Every structure is written in C-alpha cells, then in structure tokens.
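Since the structure comes first, as structure tokens, the remarks are kept for the end.
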Amino acid sequence: MRDGEYRRLPRDGEKVELAGHAGIFEVATVRRNPHVVDLRLLESEAENLEENVPWDVLSYLEEEEFSDANAYIASRRLKYAR
C-alpha cells in the first residue's frame with residue numbers, strides 16, 4: 001500500500017467476496033492486530049468459517065450488489081432443498 005492510500009476497515013456483518021473463493025461471505029470477526037478477519041460463507045447452512053483472512057484480499061459488496069447476491073443465494077438454497 002502506498003503512503004496516503006485509503007484503506008477500508010472491515011466491520012462485523014459486512015458482505016464481502018474473497019479472492020480465489022466462490023461465494024459471498026459475511027465478516028464474522030475483525031481483528032486489528034494483525035489485520036485479519038474471520039469470514040462466514042453465506043451460501044452454507046453449516047458454520048463454514050475462513051479464519052485469519054488478511055484485510056487486503058477482501059472485495060467489499062455495495063448494497064445493490066448484496067441485494068443481487070441475496071437473490072442468488074436464496075435461489076441456490078431452493079434448488080438444493082428440493
């Protein structure tokens with residue numbers, strides 16, 4: 001990161017994507033030292049956690065993106081519930 005570059009701090013409950021992983025994740029725990037989070041995969045009924053994920057590999061979803069993601073997740077759950 002360059003000097004003066006803006007760094008977004010993750011918050012509990014925020015929806016993100018993780019580089020190299022499929023799906024939408026929710027920030028479960030934020031740790032400031034070191035700068036890592038634990039993430040919960042939203043598409044899963046189980047308590048799937050990705051632990052100790054560095055902040056700088058997260059892609060934050062905007063509200064409209066997350067609305068689309070919610071519809072996608074709901075449709076996948078319906079598909080597998082049949």
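Order determines the names: the first chain of the structure tokens is A, the second B, and so forth; residues in each chain are numbered 1 upward, and ligands are numbered 1 upward as they are shown.
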
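With only C-alpha atoms taken into account, the protein and nucleic acid residues at most 7 Å from region 20-28 of chain A (excluding it and anything under 6 positions from it in its own chain) are Arg11, Asp12, Gly13, Glu14, Val37, Asp38, Leu39, Arg40, Leu41, Leu42 and Glu43 of chain A.
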
For the atom pair CA of Pro54 (chain A) and CA of Lys15 (chain A), what is the interatomic distance in Å to one decimal place?
15.1 Å

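CA of Leu61 (chain A) to CA of Arg7 (chain A) spans 15.2 Å [interatomic distance, one decimal].
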
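Taking CA of Arg32 (chain A) and CA of Ser44 (chain A) as the two end points, the separation is 26.6 Å.
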